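Peer 1: Please see the structure below; I have some questions.
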Amino acid sequence: MKAGANAAARRRSGPQDLPEVTLSEDGVVRFLHLGTEWIQGSMLIGAPFVIELDYVQRMMAWLLFVEPDSVPKRRAMQLGLGSAALTKFCFKACRMDTTAVEINPQVLAACRGWFKLPADGPRLRVLLADAAEEVRKPEHTGRIDALQVDLYDHEAAAPVLDSPDFYADCRTVLSDDGLLTVNLFGRDASYERSLQSLAAAFGDDALWAFKPTREGNTIVLAQRTPERPTRMELLARAEVVQARWGLPAVKWLKLFKPVC
């Protein structure tokens with residue numbers, strides 16, 4: 001789970017009291033922490049642009065619903081930078097126009113100094129901003145094709161932005177065939193509340209979900225325009241995603257289904 005950019009957390013602590021970023025390594029993987037033992041992101045030291053964690057890989061499941069050749073023409077946005085795994089993958093592997101939103105300047109500095117996040121340029125930008133405010137800005141309306149939301153604070157107890165109004169704002173930034181993926185705690189009491197909030201914004205028929213990982217992370221996908229591809233269509237797309245981007249997309253289909 002990642003640190004988030006949100007007004008509620010700032011009201012609790014104030015911007016000067018954002019948690020301190022710390023790092024750890026096991027020789028193969030580098031980890032990002034926010035002043036606790038919770039892992040807020042990771043990177044394979046020898047392969048910095050590969051997504052290391054299973055749940056973060058699953059945040060790319062929106063690839064199952066779009067034409068692969070269209071991906072480089074699409075726009076991605078991440079709310080919560082973490083160790084920049086998704087930002088780097090969308091920018092480097094998928095060749096997408098990519099924007100990330102993060103409230104903690106220490107997180108951005110760590111990503112640039114220790115997690116190989118490239119500098120801002122024509123296709124990449126990181127905004128030090130409040131995610132709840134940023135998604136309401138009119139310049140984003142209808143322009144994002146893949147919105148990836150992973151907003152946890154240093155306590156990692158529940159998503160810090162999780163209301164029907166927030167998810168409605170997320171839906172507003174999506175293009176007609178845009179998709180949202182969000183990291184939730186699938187074994188936590190807040191999960192059903194989160195699903196209800198997503199359903200209020202997107203509709204029950206727009207939601208798909210993975211089974212929880214061993215750590216309890218559940219990735220939920222919401223479609224701006226609901227559609228139900230067949231399992232054979234999804235399998236064909238998964239094979240392309242796996243071959244082109246090296247993600248375990250065929251295995252995903254054993255763990256991923258509509259919520260209703």
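Going through the structure tokens in order, the chains are called A, B, and so on, while each chain numbers its residues from 1 and the ligands are numbered from 1 in the order shown.
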Please identify all polymer residues within 12 Å of Arg171 in chain A, counting only C-alpha atoms, omitting same-chain residues fewer than 3 positions from it, and present them as a ChimeraX atom specification.
Peer 2: /A:135-136,140-149,164-168,174-181,198-203,206,221-225
Peer 1: Hey, can you spit out that residue selection with N, CA and C atoms as a CSV table (one decimal), in the first residue's frame?
Peer 2:
```csv
chain,number,residue,atom,x,y,z
A,135,VAL,N,-8.2,15.8,-8.5
A,135,VAL,CA,-9.2,15.1,-9.4
A,135,VAL,C,-10.4,16.0,-9.7
A,136,ARG,N,-10.6,17.0,-8.9
A,136,ARG,CA,-11.7,17.9,-9.2
A,136,ARG,C,-11.3,19.1,-10.2
A,140,HIS,N,-8.5,17.9,-15.9
A,140,HIS,CA,-8.4,16.4,-16.0
A,140,HIS,C,-9.7,15.8,-16.4
A,141,THR,N,-10.8,16.5,-16.5
A,141,THR,CA,-12.1,15.9,-16.8
A,141,THR,C,-12.1,15.2,-18.1
A,142,GLY,N,-12.5,13.9,-18.1
A,142,GLY,CA,-12.6,13.1,-19.3
A,142,GLY,C,-11.3,12.8,-20.0
A,143,ARG,N,-10.1,13.0,-19.4
A,143,ARG,CA,-8.9,12.9,-20.1
A,143,ARG,C,-8.0,11.7,-19.6
A,144,ILE,N,-8.4,11.0,-18.6
A,144,ILE,CA,-7.6,9.9,-18.1
A,144,ILE,C,-8.2,8.6,-18.5
A,145,ASP,N,-7.3,7.7,-19.0
A,145,ASP,CA,-7.8,6.4,-19.5
A,145,ASP,C,-7.6,5.3,-18.4
A,146,ALA,N,-6.5,5.5,-17.6
A,146,ALA,CA,-6.2,4.5,-16.5
A,146,ALA,C,-5.9,5.3,-15.3
A,147,LEU,N,-6.8,5.3,-14.3
A,147,LEU,CA,-6.6,5.9,-13.0
A,147,LEU,C,-6.4,4.9,-11.9
A,148,GLN,N,-5.2,5.0,-11.3
A,148,GLN,CA,-4.8,4.0,-10.3
A,148,GLN,C,-4.7,4.6,-8.9
A,149,VAL,N,-5.5,4.2,-8.0
A,149,VAL,CA,-5.6,4.8,-6.7
A,149,VAL,C,-5.1,3.9,-5.6
A,164,PRO,N,-18.2,7.9,-1.6
A,164,PRO,CA,-18.9,8.0,-2.9
A,164,PRO,C,-18.6,9.2,-3.6
A,165,ASP,N,-18.5,10.4,-3.0
A,165,ASP,CA,-18.1,11.6,-3.6
A,165,ASP,C,-16.7,11.6,-4.3
A,166,PHE,N,-15.8,11.0,-3.5
A,166,PHE,CA,-14.4,10.9,-4.1
A,166,PHE,C,-14.4,10.0,-5.3
A,167,TYR,N,-15.1,8.9,-5.3
A,167,TYR,CA,-15.1,8.0,-6.4
A,167,TYR,C,-15.9,8.6,-7.6
A,168,ALA,N,-16.9,9.4,-7.3
A,168,ALA,CA,-17.6,10.1,-8.3
A,168,ALA,C,-16.7,11.1,-9.0
A,174,LEU,N,-12.3,10.2,-15.9
A,174,LEU,CA,-12.1,9.1,-16.9
A,174,LEU,C,-12.6,9.4,-18.2
A,175,SER,N,-11.9,8.9,-19.3
A,175,SER,CA,-12.5,9.0,-20.6
A,175,SER,C,-13.6,8.0,-20.7
A,176,ASP,N,-14.3,8.0,-21.9
A,176,ASP,CA,-15.5,7.1,-22.0
A,176,ASP,C,-15.2,5.7,-21.8
A,177,ASP,N,-14.0,5.2,-22.2
A,177,ASP,CA,-13.7,3.8,-21.9
A,177,ASP,C,-12.6,3.7,-20.9
A,178,GLY,N,-12.5,4.7,-20.0
A,178,GLY,CA,-11.5,4.7,-19.0
A,178,GLY,C,-11.8,3.8,-17.9
A,179,LEU,N,-10.8,3.4,-17.1
A,179,LEU,CA,-10.9,2.5,-16.0
A,179,LEU,C,-10.2,2.9,-14.8
A,180,LEU,N,-10.7,2.6,-13.6
A,180,LEU,CA,-10.1,2.9,-12.3
A,180,LEU,C,-9.7,1.5,-11.7
A,181,THR,N,-8.5,1.5,-11.2
A,181,THR,CA,-8.1,0.4,-10.3
A,181,THR,C,-7.8,1.0,-8.9
A,198,LEU,N,-17.9,2.6,-4.2
A,198,LEU,CA,-17.6,2.5,-5.6
A,198,LEU,C,-18.8,2.2,-6.4
A,199,ALA,N,-19.7,1.4,-5.9
A,199,ALA,CA,-21.0,1.1,-6.6
A,199,ALA,C,-21.8,2.3,-6.7
A,200,ALA,N,-21.8,3.2,-5.7
A,200,ALA,CA,-22.6,4.4,-5.7
A,200,ALA,C,-22.2,5.3,-6.8
A,201,ALA,N,-20.9,5.3,-7.1
A,201,ALA,CA,-20.3,6.2,-8.1
A,201,ALA,C,-20.3,5.6,-9.5
A,202,PHE,N,-20.1,4.3,-9.6
A,202,PHE,CA,-19.9,3.7,-10.9
A,202,PHE,C,-21.1,2.7,-11.3
A,203,GLY,N,-21.8,2.2,-10.3
A,203,GLY,CA,-22.8,1.2,-10.6
A,203,GLY,C,-22.3,-0.2,-10.3
A,206,ALA,N,-20.4,-2.2,-13.0
A,206,ALA,CA,-19.1,-1.7,-13.5
A,206,ALA,C,-17.9,-2.2,-12.7
A,221,LEU,N,-11.5,-3.1,-9.8
A,221,LEU,CA,-11.5,-2.3,-11.0
A,221,LEU,C,-12.9,-1.8,-11.3
A,222,ALA,N,-13.0,-0.6,-11.7
A,222,ALA,CA,-14.3,0.0,-12.1
A,222,ALA,C,-14.2,0.6,-13.5
A,223,GLN,N,-15.3,0.3,-14.3
A,223,GLN,CA,-15.3,0.8,-15.6
A,223,GLN,C,-16.2,2.1,-15.8
A,224,ARG,N,-15.7,3.0,-16.5
A,224,ARG,CA,-16.5,4.2,-16.7
A,224,ARG,C,-17.7,3.9,-17.5
A,225,THR,N,-17.5,3.0,-18.5
A,225,THR,CA,-18.7,2.5,-19.3
A,225,THR,C,-18.7,0.9,-19.1
```
Peer 1: Per DSSP on the backbone, what are the strand (DSSP E) residues of range 38-140 of chain A, as a PyMOL selection string?
Peer 2: chain A and resi 41-44+75-79+97-102+124-128
Peer 1: Go through A:Asp162, A:Glu233, A:Asp97, A:Glu102 and flag the residue nearest Leu124 in chain A, using only C-alpha atoms for the distances.
Peer 2: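 Smallest separation from Leu124 in chain A among the options: A:Asp97.
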Peer 1: At a cut-off of 7 Å, using only C-alpha atoms, what residues contact range 107-116 of chain A? Leave out same-chain residues fewer than 3 positions from it and give the result as an MDAnalysis selection string.
Peer 2: chainID A and resid 21 43 48 82:84 104
Peer 1: Near Leu23 in chain A, within 8 Å and counting only C-alpha atoms, which residues show up once chain neighbours fewer than 6 positions away are dropped, as a list in words?
Peer 2: Arg30, Phe31, Leu32 and His33 of chain A
Peer 1: Write a file of the just-selected residues containing all heavy atoms, as an mmCIF file, in the first residue's frame.
Peer 2:
```
data_model
loop_
_atom_site.group_PDB
_atom_site.id
_atom_site.type_symbol
_atom_site.label_atom_id
_atom_site.label_comp_id
_atom_site.auth_asym_id
_atom_site.auth_seq_id
_atom_site.Cartn_x
_atom_site.Cartn_y
_atom_site.Cartn_z
ATOM 1 N N ARG A 30 14.545 -3.264 -2.674
ATOM 2 C CA ARG A 30 14.575 -2.054 -1.849
ATOM 3 C C ARG A 30 13.143 -1.684 -1.494
ATOM 4 O O ARG A 30 12.253 -1.711 -2.345
ATOM 5 C CB ARG A 30 15.241 -0.913 -2.619
ATOM 6 C CG ARG A 30 15.365 0.395 -1.836
ATOM 7 C CD ARG A 30 16.240 1.383 -2.617
ATOM 8 N NE ARG A 30 17.603 0.868 -2.718
ATOM 9 C CZ ARG A 30 18.433 1.143 -3.744
ATOM 10 N NH1 ARG A 30 18.029 1.909 -4.738
ATOM 11 N NH2 ARG A 30 19.652 0.641 -3.746
ATOM 12 N N PHE A 31 12.918 -1.317 -0.221
ATOM 13 C CA PHE A 31 11.575 -1.033 0.279
ATOM 14 C C PHE A 31 11.464 0.415 0.735
ATOM 15 O O PHE A 31 12.423 0.987 1.283
ATOM 16 C CB PHE A 31 11.238 -1.956 1.455
ATOM 17 C CG PHE A 31 11.314 -3.414 1.136
ATOM 18 C CD1 PHE A 31 12.417 -4.171 1.506
ATOM 19 C CD2 PHE A 31 10.280 -4.039 0.455
ATOM 20 C CE1 PHE A 31 12.497 -5.516 1.212
ATOM 21 C CE2 PHE A 31 10.349 -5.395 0.154
ATOM 22 C CZ PHE A 31 11.460 -6.137 0.532
ATOM 23 N N LEU A 32 10.289 0.970 0.552
ATOM 24 C CA LEU A 32 9.957 2.309 1.033
ATOM 25 C C LEU A 32 9.039 2.182 2.237
ATOM 26 O O LEU A 32 8.065 1.416 2.222
ATOM 27 C CB LEU A 32 9.252 3.105 -0.069
ATOM 28 C CG LEU A 32 8.777 4.509 0.299
ATOM 29 C CD1 LEU A 32 9.957 5.482 0.303
ATOM 30 C CD2 LEU A 32 7.711 4.993 -0.694
ATOM 31 N N HIS A 33 9.348 2.927 3.307
ATOM 32 C CA HIS A 33 8.516 2.957 4.515
ATOM 33 C C HIS A 33 8.210 4.408 4.871
ATOM 34 O O HIS A 33 8.950 5.325 4.503
ATOM 35 C CB HIS A 33 9.246 2.309 5.698
ATOM 36 C CG HIS A 33 9.793 0.947 5.413
ATOM 37 N ND1 HIS A 33 9.071 -0.210 5.622
ATOM 38 C CD2 HIS A 33 11.004 0.550 4.945
ATOM 39 C CE1 HIS A 33 9.821 -1.256 5.289
ATOM 40 N NE2 HIS A 33 10.988 -0.817 4.878
#
```
Peer 1: Name the residues of range 69-187 of chain A that fall into helix (DSSP H, G or I) according to DSSP on the backbone, using the chain letters and numbers of this document, as an MDAnalysis selection string.
Peer 2: chainID A and resid 69:73 85:93 105:114 131:134 138:140 164:173
Peer 1: Counting only C-alpha atoms, which residue out of A:Leu117, A:Val50, A:Leu64, A:Leu128 sits closest to Gly80 in chain A?
Peer 2: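 The answer is A:Leu128, which sits nearest to Gly80 in chain A.
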Peer 1: What does the structure give for the distance between CA of Trp252 in chain A and CA of Thr99 in chain A, in Å to one decimal?
Peer 2: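 Answer for the CA of Trp252 in chain A to CA of Thr99 in chain A separation: 25.7 Å.
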Peer 1: Tell me which of A:Pro105, A:Ala85, A:Asp120, A:Phe185 sits closest to Pro212 in chain A, counting only C-alpha atoms.
Peer 2: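 With only C-alpha atoms as the atom set, the closest residue is A:Phe185.
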Peer 1: So the first atom is CA of Arg228 in chain A and the second is CA of Val259 in chain A; what is the distance between them in Å, to one decimal place?
Peer 2: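 Separation between CA of Arg228 in chain A and CA of Val259 in chain A: 11.6 Å.
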Peer 1: What is the distance between CA of Tyr55 in chain A and CA of Thr218 in chain A, in Å to one decimal?
Peer 2: 7.4 Å
Peer 1: Excluding Leu247 in chain A and residues on its chain fewer than 6 positions from it, collect all residues at most 9 Å away from it, counting only C-alpha atoms, and give them as a CSV table (one decimal) with N, CA and C atoms, in the first residue's frame.
Peer 2:
```
chain,number,residue,atom,x,y,z
A,51,ILE,N,7.5,-4.3,-12.0
A,51,ILE,CA,6.7,-4.2,-10.9
A,51,ILE,C,6.9,-5.5,-10.0
A,57,GLN,N,1.1,-5.3,-9.5
A,57,GLN,CA,0.9,-5.8,-10.8
A,57,GLN,C,-0.6,-5.8,-11.2
A,58,ARG,N,-1.4,-6.2,-10.2
A,58,ARG,CA,-2.8,-6.3,-10.5
A,58,ARG,C,-3.5,-5.0,-10.7
A,60,MET,N,-2.6,-3.1,-12.8
A,60,MET,CA,-2.5,-2.9,-14.3
A,60,MET,C,-3.6,-3.8,-15.0
A,238,ALA,N,-5.5,-11.4,-22.2
A,238,ALA,CA,-4.5,-11.7,-21.2
A,238,ALA,C,-3.2,-12.2,-21.8
A,241,VAL,N,-1.3,-9.3,-23.2
A,241,VAL,CA,-0.7,-8.5,-22.1
A,241,VAL,C,0.5,-9.2,-21.5
```
